[in-house]
$ cat start26.tsv   # TSV, C-alpha atoms
chain	number	residue	atom	x	y	z
A	1	MET	CA	49.01	15.57	76.56
A	2	LEU	CA	46.31	15.70	73.92
A	3	ASN	CA	43.68	17.22	76.24
A	4	ASN	CA	45.90	19.95	77.64
A	5	LYS	CA	44.43	23.39	76.86
A	6	ILE	CA	47.81	25.08	76.46
A	7	CYS	CA	48.97	22.41	73.99
A	8	GLN	CA	45.77	22.84	72.00
A	9	LEU	CA	45.92	26.64	72.13
A	10	LEU	CA	49.54	26.85	70.96
A	11	ASN	CA	49.66	23.70	68.81
A	12	ILE	CA	52.58	22.24	70.77
A	13	GLN	CA	53.35	18.76	72.08
A	14	TYR	CA	54.15	19.61	75.71
A	15	PRO	CA	52.81	22.49	77.86
A	16	ILE	CA	56.32	23.85	78.40
A	17	ILE	CA	57.03	27.46	77.42
A	18	GLN	CA	60.59	28.78	77.46
A	19	GLY	CA	61.04	32.13	79.17
A	20	GLY	CA	61.70	35.10	76.89
A	21	MET	CA	65.02	36.14	78.43
A	22	ALA	CA	66.72	39.18	76.89
A	23	TRP	CA	70.22	38.56	75.42
A	24	VAL	CA	69.82	34.85	76.22
A	25	ALA	CA	66.66	33.64	74.47
A	26	THR	CA	67.79	33.92	70.86
A	27	ALA	CA	66.85	31.98	67.71
A	28	GLU	CA	69.17	29.14	68.70
A	29	LEU	CA	67.43	28.48	72.01
A	30	ALA	CA	63.89	29.25	70.86
A	31	SER	CA	64.08	26.93	67.85
A	32	ALA	CA	65.59	24.12	69.95
A	33	VAL	CA	62.74	24.33	72.47
A	34	SER	CA	60.10	24.39	69.73
A	35	ASN	CA	61.73	21.47	67.92
A	36	ALA	CA	61.71	19.50	71.19
A	37	GLY	CA	57.95	19.90	71.59
A	38	GLY	CA	57.70	23.01	73.75
A	39	LEU	CA	57.22	26.65	72.77
A	40	GLY	CA	60.44	28.55	72.17
A	41	ILE	CA	60.37	32.30	72.81
A	42	ILE	CA	62.74	34.96	71.47
A	43	GLY	CA	63.43	37.57	74.15
A	44	ALA	CA	63.17	40.96	72.42
A	45	GLY	CA	64.30	42.90	75.50
A	46	HIS	CA	65.68	46.23	74.27
A	47	MET	CA	66.53	44.82	70.83
A	48	PRO	CA	66.36	47.29	67.95
A	49	PRO	CA	63.73	46.28	65.39
A	50	ASP	CA	66.21	45.12	62.73
A	51	ALA	CA	67.95	42.83	65.21
A	52	LEU	CA	64.62	41.30	66.23
A	53	ARG	CA	63.58	40.78	62.61
A	54	ASN	CA	66.86	38.91	62.05
A	55	GLU	CA	66.21	36.65	65.07
A	56	ILE	CA	62.68	35.89	63.92
A	57	GLN	CA	63.79	35.02	60.40
A	58	LYS	CA	66.62	32.88	61.75
A	59	THR	CA	64.13	31.03	63.96
A	60	LYS	CA	61.85	30.40	60.99
A	61	ALA	CA	64.81	28.84	59.19
A	62	LEU	CA	65.62	26.58	62.17
A	63	THR	CA	62.15	25.28	63.01
A	64	GLN	CA	58.83	24.63	61.33
A	65	LYS	CA	57.11	24.51	64.74
A	66	PRO	CA	55.25	27.36	66.48
A	67	PHE	CA	57.41	29.87	68.38
A	68	GLY	CA	56.92	33.22	70.02
A	69	VAL	CA	58.45	36.59	70.85
A	70	ASN	CA	58.46	38.19	74.28
A	71	ILE	CA	57.98	41.95	74.06
A	72	MET	CA	59.23	44.05	76.95
A	73	LEU	CA	56.78	46.93	76.99
A	74	MET	CA	59.33	49.28	78.62
A	75	SER	CA	61.67	48.93	75.61
A	76	PRO	CA	62.55	52.24	73.93
A	77	PHE	CA	61.81	50.46	70.63
A	78	VAL	CA	58.47	48.98	71.66
A	79	LYS	CA	56.42	50.51	68.80
A	80	GLU	CA	58.92	49.43	66.15
A	81	VAL	CA	59.31	45.97	67.71
A	82	ILE	CA	55.55	45.47	67.68
A	83	GLN	CA	55.45	46.38	64.00
A	84	VAL	CA	58.17	43.81	63.26
A	85	VAL	CA	56.22	41.11	65.12
A	86	ILE	CA	53.12	42.00	63.11
A	87	ASP	CA	55.00	42.10	59.80
A	88	GLU	CA	56.55	38.69	60.51
A	89	ARG	CA	53.22	37.26	61.70
A	90	VAL	CA	54.72	35.71	64.83
A	91	PRO	CA	52.33	32.98	66.06
A	92	VAL	CA	52.62	33.67	69.81
A	93	ILE	CA	53.35	36.91	71.63
A	94	THR	CA	54.15	37.12	75.32
A	95	THR	CA	54.53	40.47	77.02
A	96	GLY	CA	56.19	41.75	80.17
A	97	ALA	CA	56.72	44.92	82.18
A	98	GLY	CA	53.42	46.56	81.39
A	99	ASN	CA	49.91	46.31	79.97
A	100	PRO	CA	49.69	45.24	76.28
A	101	GLY	CA	46.00	46.15	76.00
A	102	GLU	CA	46.36	48.82	73.29
A	103	TYR	CA	48.26	46.45	70.98
A	104	ILE	CA	46.02	43.39	71.30
A	105	PRO	CA	43.65	44.22	68.40
A	106	ALA	CA	46.62	44.41	66.00
A	107	PHE	CA	48.00	41.10	67.28
A	108	LYS	CA	44.60	39.45	66.92
A	109	GLU	CA	44.26	40.76	63.38
A	110	ILE	CA	47.20	38.57	62.28
A	111	GLY	CA	45.94	35.58	64.29
A	112	SER	CA	48.59	35.68	67.03
A	113	LYS	CA	47.98	34.22	70.47
A	114	VAL	CA	48.65	36.83	73.17
A	115	ILE	CA	49.87	35.76	76.60
A	116	PRO	CA	50.95	38.46	79.07
A	117	VAL	CA	53.24	37.79	82.02
A	118	VAL	CA	51.64	39.10	85.21
A	119	ALA	CA	52.63	39.26	88.86
A	120	SER	CA	49.29	40.20	90.41
A	121	VAL	CA	45.66	39.10	90.41
A	122	ALA	CA	44.45	42.62	89.60
A	123	LEU	CA	46.47	42.80	86.38
A	124	ALA	CA	45.40	39.29	85.36
A	125	LYS	CA	41.72	40.26	85.71
A	126	ARG	CA	42.23	43.50	83.83
A	127	LEU	CA	44.00	41.78	80.96
A	128	GLU	CA	41.41	39.02	80.72
A	129	ARG	CA	38.93	41.71	79.69
A	130	THR	CA	41.18	42.82	76.81
A	131	GLY	CA	40.90	39.47	75.03
A	132	VAL	CA	44.24	37.81	75.77
A	133	ASP	CA	44.39	34.04	75.23
A	134	ALA	CA	46.09	32.91	78.46
A	135	ILE	CA	47.97	34.31	81.45
A	136	ILE	CA	51.51	33.61	82.64
A	137	ALA	CA	51.44	33.94	86.43
A	138	GLU	CA	55.04	34.69	87.40
A	139	GLY	CA	56.17	34.40	90.99
A	140	THR	CA	58.99	36.34	92.58
A	141	GLU	CA	61.28	33.27	92.40
A	142	SER	CA	61.85	34.08	88.71
A	143	GLY	CA	64.94	35.73	87.32
A	144	GLY	CA	64.92	39.22	85.83
A	145	HIS	CA	62.03	41.62	86.43
A	146	VAL	CA	59.85	40.24	89.24
A	147	GLY	CA	56.88	41.00	91.45
A	148	THR	CA	56.67	40.32	95.16
A	149	VAL	CA	54.30	37.34	95.44
A	150	THR	CA	55.60	33.76	95.36
A	151	THR	CA	54.56	31.28	92.69
A	152	MET	CA	52.90	29.02	95.28
A	153	ALA	CA	50.66	31.87	96.45
A	154	LEU	CA	50.13	33.66	93.14
A	155	VAL	CA	49.18	30.84	90.77
A	156	PRO	CA	46.08	29.50	92.58
A	157	GLN	CA	44.79	33.02	93.19
A	158	ILE	CA	45.06	33.89	89.50
A	159	VAL	CA	43.56	30.51	88.53
A	160	ASP	CA	40.56	31.32	90.74
A	161	ALA	CA	40.27	34.88	89.44
A	162	VAL	CA	40.22	34.29	85.66
A	163	LYS	CA	38.57	31.87	83.23
A	164	LEU	CA	41.61	31.72	80.95
A	165	PRO	CA	44.26	28.97	80.98
A	166	VAL	CA	47.08	29.87	83.37
A	167	ILE	CA	50.77	29.12	82.85
A	168	ALA	CA	52.88	29.05	86.03
A	169	ALA	CA	56.34	30.61	86.06
A	170	GLY	CA	58.98	31.00	88.75
A	171	GLY	CA	60.96	28.26	90.47
A	172	ILE	CA	60.10	25.50	87.98
A	173	ALA	CA	62.84	23.39	86.46
A	174	ASP	CA	61.81	19.74	86.56
A	175	ALA	CA	58.83	17.36	86.68
A	176	ARG	CA	58.30	18.05	90.39
A	177	GLY	CA	57.85	21.76	89.73
A	178	MET	CA	55.65	21.09	86.73
A	179	MET	CA	53.32	18.77	88.63
A	180	ALA	CA	53.20	21.19	91.58
A	181	ALA	CA	52.09	23.90	89.15
A	182	PHE	CA	49.38	21.61	87.78
A	183	ALA	CA	48.24	20.90	91.35
A	184	LEU	CA	47.83	24.66	91.83
A	185	GLY	CA	45.55	24.80	88.79
A	186	ALA	CA	48.01	25.83	86.07
A	187	GLN	CA	47.75	24.17	82.67
A	188	GLY	CA	51.30	24.88	81.57
A	189	VAL	CA	54.68	26.02	82.86
A	190	GLN	CA	57.18	28.63	81.78
A	191	ILE	CA	60.81	27.66	82.38
A	192	GLY	CA	63.72	30.06	82.07
A	193	THR	CA	66.69	29.30	84.30
A	194	ARG	CA	66.89	25.61	83.34
A	195	PHE	CA	67.18	26.52	79.67
A	196	VAL	CA	69.98	29.04	80.34
A	197	VAL	CA	72.25	26.09	81.16
A	198	SER	CA	71.44	24.24	77.95
A	199	GLU	CA	73.85	23.51	75.14
A	200	GLU	CA	71.89	25.59	72.65
A	201	CYS	CA	71.73	28.72	74.80
A	202	ILE	CA	74.30	31.21	73.54
A	203	ALA	CA	74.90	32.82	76.96
A	204	HIS	CA	78.62	33.23	77.74
A	205	GLN	CA	80.24	30.24	79.42
A	206	ASN	CA	81.08	32.45	82.43
A	207	TYR	CA	77.38	33.21	82.82
A	208	LYS	CA	76.48	29.52	82.70
A	209	ALA	CA	79.29	28.65	85.11
A	210	ALA	CA	78.01	31.24	87.59
A	211	VAL	CA	74.52	29.68	87.41
A	212	LEU	CA	75.90	26.17	87.96
A	213	LYS	CA	77.85	27.43	90.98
A	214	ALA	CA	74.83	29.16	92.53
A	215	LYS	CA	73.12	28.00	95.72
A	216	GLU	CA	69.55	28.53	96.88
A	217	ARG	CA	70.41	31.91	98.47
A	218	SER	CA	72.74	33.21	95.76
A	219	THR	CA	70.23	35.58	94.16
A	220	VAL	CA	69.16	39.01	95.37
A	221	VAL	CA	66.45	41.44	94.26
A	222	THR	CA	67.72	44.92	93.40
A	223	GLY	CA	65.93	48.09	92.35
A	224	MET	CA	62.96	47.96	94.70
A	225	SER	CA	63.05	51.77	94.97
A	226	THR	CA	62.75	52.16	91.19
A	227	GLY	CA	59.48	50.25	91.00
A	228	HIS	CA	61.09	47.71	88.66
A	229	PRO	CA	62.80	45.13	90.90
A	230	VAL	CA	65.12	42.61	89.27
A	231	ARG	CA	66.35	39.23	90.55
A	232	VAL	CA	70.03	38.56	89.80
A	233	LEU	CA	72.98	36.65	91.19
A	234	ALA	CA	74.77	38.62	93.90
A	235	ASN	CA	78.12	40.07	92.76
A	236	LYS	CA	80.14	43.30	92.88
A	237	LEU	CA	77.55	45.11	90.77
A	238	THR	CA	74.66	44.23	93.10
A	239	ARG	CA	76.65	45.34	96.15
A	240	GLU	CA	77.49	48.67	94.51
A	241	TYR	CA	73.88	49.06	93.40
A	242	GLU	CA	72.53	48.31	96.87
A	243	GLU	CA	74.93	50.84	98.40
A	244	ALA	CA	73.83	53.51	95.94
A	245	GLU	CA	70.17	52.69	96.62
A	246	LYS	CA	70.76	52.84	100.37
A	247	HIS	CA	72.34	56.28	100.06
A	248	GLY	CA	69.43	57.75	98.17
A	249	ALA	CA	70.40	57.42	94.51
A	250	THR	CA	67.60	58.51	92.21
A	251	PRO	CA	65.82	56.01	89.94
A	252	GLU	CA	67.55	57.68	86.99
A	253	GLU	CA	70.97	57.19	88.57
A	254	LEU	CA	70.17	53.57	89.37
A	255	ASP	CA	68.93	52.94	85.83
A	256	LYS	CA	72.20	54.35	84.51
A	257	MET	CA	74.16	51.97	86.76
A	258	GLY	CA	72.24	49.02	85.32
A	259	ALA	CA	72.29	50.06	81.67
A	260	GLY	CA	74.02	47.50	79.45
A	261	LYS	CA	74.91	45.25	82.37
A	262	LEU	CA	72.84	42.25	81.26
A	263	LYS	CA	74.61	42.23	77.90
A	264	ALA	CA	77.96	42.57	79.68
A	265	ALA	CA	77.26	39.40	81.65
A	266	ALA	CA	75.33	37.31	79.12
A	267	ARG	CA	77.37	38.07	76.02
A	268	GLU	CA	80.74	39.37	77.25
A	269	GLY	CA	81.11	37.13	80.32
A	270	ASP	CA	81.58	39.88	82.93
A	271	ILE	CA	80.09	38.12	85.95
A	272	GLU	CA	81.40	40.59	88.54
A	273	HIS	CA	80.20	43.89	87.08
A	274	GLY	CA	77.49	42.49	84.81
A	275	SER	CA	73.89	41.64	85.65
A	276	ILE	CA	73.31	37.88	85.87
A	277	MET	CA	69.51	37.65	85.72
A	278	ILE	CA	68.52	34.22	86.99
A	279	GLY	CA	65.88	32.60	89.19
A	280	GLN	CA	66.17	31.13	92.67
A	281	ILE	CA	65.95	27.67	91.11
A	282	ALA	CA	69.58	28.20	89.99
A	283	GLY	CA	70.60	26.31	93.13
A	284	MET	CA	69.24	23.13	91.50
A	285	MET	CA	71.29	23.49	88.31
A	286	ASP	CA	74.24	21.11	88.18
A	287	GLU	CA	74.94	20.37	84.51
A	288	ILE	CA	74.55	21.66	80.98
A	289	LYS	CA	72.31	19.51	78.77
A	290	PRO	CA	70.81	19.70	75.29
A	291	VAL	CA	67.34	21.29	75.26
A	292	ALA	CA	65.77	18.09	73.94
A	293	LYS	CA	67.22	16.14	76.88
A	294	ILE	CA	65.94	18.71	79.40
A	295	ILE	CA	62.40	18.42	78.07
A	296	GLU	CA	62.64	14.64	77.67
A	297	ASP	CA	63.73	14.26	81.30
A	298	ILE	CA	60.88	16.43	82.57
A	299	ILE	CA	58.27	14.43	80.70
A	300	ALA	CA	59.86	11.07	81.55
A	301	ASP	CA	59.89	11.88	85.29
A	302	ILE	CA	56.18	12.72	85.50
A	303	PRO	CA	55.07	9.12	86.29
A	304	LYS	CA	57.68	8.89	89.06
A	305	VAL	CA	56.45	12.17	90.56
A	306	MET	CA	52.84	11.04	90.33
A	307	ASN	CA	53.72	7.75	92.04
A	308	GLY	CA	55.45	9.64	94.85
A	309	ILE	CA	52.37	11.82	95.33
A	310	GLN	CA	50.08	8.79	95.51
A	311	GLN	CA	52.34	7.17	98.10
A	312	ASN	CA	52.15	10.26	100.28
A	313	ILE	CA	48.37	10.66	100.18
$ encode --input "start26.tsv" --output "structure tokens"
Amino acid sequence: MLNNKICQLLNIQYPIIQGGMAWVATAELASAVSNAGGLGIIGAGHMPPDALRNEIQKTKALTQKPFGVNIMLMSPFVKEVIQVVIDERVPVITTGAGNPGEYIPAFKEIGSKVIPVVASVALAKRLERTGVDAIIAEGTESGGHVGTVTTMALVPQIVDAVKLPVIAAGGIADARGMMAAFALGAQGVQIGTRFVVSEECIAHQNYKAAVLKAKERSTVVTGMSTGHPVRVLANKLTREYEEAEKHGATPEELDKMGAGKLKAAAREGDIEHGSIMIGQIAGMMDEIKPVAKIIEDIIADIPKVMNGIQQNI
């Protein structure tokens, strides 16, 4: 994929970016994806700065390839986390849950590529003016914090609205999804859920088992009233949360209910009262594979997908 703009921009072999999933996308997963030819991303989430610095340094020890950090702009440690990323001269920075505009000059000063995750055309256009290098257009099929527009509808609209390379995210797990994204005008894909059920991902086995058991309608979106909706697998926590939301709980009360629940599921294995953030594509997951095999299979299946398209035209 020598002519692919995302590969050239990020100096990677394949235009496959791993989603920066908090508590799940650690040095182990990020380095495995980078070593396999994609771009591994450490999910900073609400990590304290020292913990993030440790993950970055561990990643540097595990791979000589480019990697990135996803910064959640709603983190209580966002200023400190940004300083760590600058100090460590992280090559690629993706951002979520906000507008990174004020931090872009500092990122550019150290030569980092900046790629925000967006869920609307308006935000994509606004961020293009700030000097970002590409846009991740994330549809509501994704796991974790989501917008309301589907990948199929969002990606071509953002492609038409900006002059930057666009990376499609949401509902992509194999060569079919990748080629569909390219047909919509994207030049790369971001994949999260598929990498959760990889051998290198350190998520608790209960978490992975819940993903493998999931069907196409197993996820729900909670927190619409807070302005920060999240897609997760339905469980006791989501039912309690939805009841509280229905009976008028305040955003502060709902935030308190969700605090620490992702860690409880991803690290401690509590899949009933923890928050299992995962995309709708979970219904396609049926086995745990090494990261290298996941990427190898995607690339190897592209000719078969292309042949199928040609037969149907």
$ atom_distance --input "start26.tsv" --atom1 "CA of Ser218 (chain A)" --atom2 "CA of Gly170 (chain A)"
15.6 Å
$ residues_around --input "start26.tsv" --residues "region 79-87 of chain A" --least-positions-apart "5" --cutoff "7 Å" --atoms "all atoms listed in the file" --output "list in words"
Pro49, Arg53, Phe107 and Ile110 of chain A
$ closest_residue --input "start26.tsv" --among "A:Ile172, A:Ala27, A:Val117, A:Val211" --to "Ile158 (chain A)" --atoms "only C-alpha atoms"
A:Val117
$ residues_around --input "start26.tsv" --residues "Asn4 (chain A)" --least-positions-apart "3" --cutoff "9 Å" --atoms "all atoms listed in the file" --output "NGL selection string"
:A and (1 or 7-9 or 14-15 or 187-188)
$ atom_distance --input "start26.tsv" --atom1 "CA of Ala169 (chain A)" --atom2 "CA of Lys256 (chain A)"
28.6 Å
$ residues_around --input "start26.tsv" --residues "region 225-242 of chain A" --least-positions-apart "6" --cutoff "6 Å" --atoms "all atoms listed in the file" --output "JSON, numbers by chain"
{"A": [143, 144, 145, 146, 218, 219, 251, 272, 273, 276, 277, 278]}
$ residues_around --input "start26.tsv" --residues "Lys293 (chain A)" --least-positions-apart "2" --cutoff "12 Å" --atoms "all atoms listed in the file" --output "number ranges by chain"
A: 32-33, 35-37, 174, 194-195, 197-200, 287-291, 295-301
$ write_last_selection --input "start26.tsv" --atoms "C-alpha atoms" --output "CSV table (one decimal), in the coordinates of the input"
chain,number,residue,atom,x,y,z
A,32,ALA,CA,65.6,24.1,70.0
A,33,VAL,CA,62.7,24.3,72.5
A,35,ASN,CA,61.7,21.5,67.9
A,36,ALA,CA,61.7,19.5,71.2
A,37,GLY,CA,58.0,19.9,71.6
A,174,ASP,CA,61.8,19.7,86.6
A,194,ARG,CA,66.9,25.6,83.3
A,195,PHE,CA,67.2,26.5,79.7
A,197,VAL,CA,72.2,26.1,81.2
A,198,SER,CA,71.4,24.2,78.0
A,199,GLU,CA,73.8,23.5,75.1
A,200,GLU,CA,71.9,25.6,72.6
A,287,GLU,CA,74.9,20.4,84.5
A,288,ILE,CA,74.6,21.7,81.0
A,289,LYS,CA,72.3,19.5,78.8
A,290,PRO,CA,70.8,19.7,75.3
A,291,VAL,CA,67.3,21.3,75.3
A,295,ILE,CA,62.4,18.4,78.1
A,296,GLU,CA,62.6,14.6,77.7
A,297,ASP,CA,63.7,14.3,81.3
A,298,ILE,CA,60.9,16.4,82.6
A,299,ILE,CA,58.3,14.4,80.7
A,300,ALA,CA,59.9,11.1,81.6
A,301,ASP,CA,59.9,11.9,85.3
$ atom_distance --input "start26.tsv" --atom1 "CA of Ala44 (chain A)" --atom2 "CA of Met74 (chain A)"
11.1 Å
$ residues_around --input "start26.tsv" --residues "Lys213 (chain A)" --least-positions-apart "2" --cutoff "8 Å" --atoms "only C-alpha atoms" --output "ChimeraX atom specification"
/A:209-211,215,283,286
$ closest_residue --input "start26.tsv" --among "A:Ala137, A:Ala61, A:Ala249, A:Ala122" --to "Gly96 (chain A)" --atoms "only C-alpha atoms"
A:Ala137
$ residues_near_point --input "start26.tsv" --point "(49.8, 24.9, 77.1)" --cutoff "12 Å" --atoms "only C-alpha atoms" --output "PDB file with C-alpha atoms, keeping the file's coordinate frame"
ATOM      1  CA  MET A   1      49.010  15.570  76.560  1.00  0.00           C
ATOM      2  CA  LEU A   2      46.310  15.700  73.920  1.00  0.00           C
ATOM      3  CA  ASN A   3      43.680  17.220  76.240  1.00  0.00           C
ATOM      4  CA  ASN A   4      45.900  19.950  77.640  1.00  0.00           C
ATOM      5  CA  LYS A   5      44.430  23.390  76.860  1.00  0.00           C
ATOM      6  CA  ILE A   6      47.810  25.080  76.460  1.00  0.00           C
ATOM      7  CA  CYS A   7      48.970  22.410  73.990  1.00  0.00           C
ATOM      8  CA  GLN A   8      45.770  22.840  72.000  1.00  0.00           C
ATOM      9  CA  LEU A   9      45.920  26.640  72.130  1.00  0.00           C
ATOM     10  CA  LEU A  10      49.540  26.850  70.960  1.00  0.00           C
ATOM     11  CA  ASN A  11      49.660  23.700  68.810  1.00  0.00           C
ATOM     12  CA  ILE A  12      52.580  22.240  70.770  1.00  0.00           C
ATOM     13  CA  GLN A  13      53.350  18.760  72.080  1.00  0.00           C
ATOM     14  CA  TYR A  14      54.150  19.610  75.710  1.00  0.00           C
ATOM     15  CA  PRO A  15      52.810  22.490  77.860  1.00  0.00           C
ATOM     16  CA  ILE A  16      56.320  23.850  78.400  1.00  0.00           C
ATOM     17  CA  ILE A  17      57.030  27.460  77.420  1.00  0.00           C
ATOM     18  CA  GLN A  18      60.590  28.780  77.460  1.00  0.00           C
ATOM     19  CA  GLY A  37      57.950  19.900  71.590  1.00  0.00           C
ATOM     20  CA  GLY A  38      57.700  23.010  73.750  1.00  0.00           C
ATOM     21  CA  LEU A  39      57.220  26.650  72.770  1.00  0.00           C
ATOM     22  CA  VAL A  92      52.620  33.670  69.810  1.00  0.00           C
ATOM     23  CA  LYS A 113      47.980  34.220  70.470  1.00  0.00           C
ATOM     24  CA  ILE A 115      49.870  35.760  76.600  1.00  0.00           C
ATOM     25  CA  ASP A 133      44.390  34.040  75.230  1.00  0.00           C
ATOM     26  CA  ALA A 134      46.090  32.910  78.460  1.00  0.00           C
ATOM     27  CA  ILE A 135      47.970  34.310  81.450  1.00  0.00           C
ATOM     28  CA  ILE A 136      51.510  33.610  82.640  1.00  0.00           C
ATOM     29  CA  LEU A 164      41.610  31.720  80.950  1.00  0.00           C
ATOM     30  CA  PRO A 165      44.260  28.970  80.980  1.00  0.00           C
ATOM     31  CA  VAL A 166      47.080  29.870  83.370  1.00  0.00           C
ATOM     32  CA  ILE A 167      50.770  29.120  82.850  1.00  0.00           C
ATOM     33  CA  ALA A 168      52.880  29.050  86.030  1.00  0.00           C
ATOM     34  CA  MET A 178      55.650  21.090  86.730  1.00  0.00           C
ATOM     35  CA  PHE A 182      49.380  21.610  87.780  1.00  0.00           C
ATOM     36  CA  ALA A 186      48.010  25.830  86.070  1.00  0.00           C
ATOM     37  CA  GLN A 187      47.750  24.170  82.670  1.00  0.00           C
ATOM     38  CA  GLY A 188      51.300  24.880  81.570  1.00  0.00           C
ATOM     39  CA  VAL A 189      54.680  26.020  82.860  1.00  0.00           C
ATOM     40  CA  GLN A 190      57.180  28.630  81.780  1.00  0.00           C
TER      41      GLN A 190
END
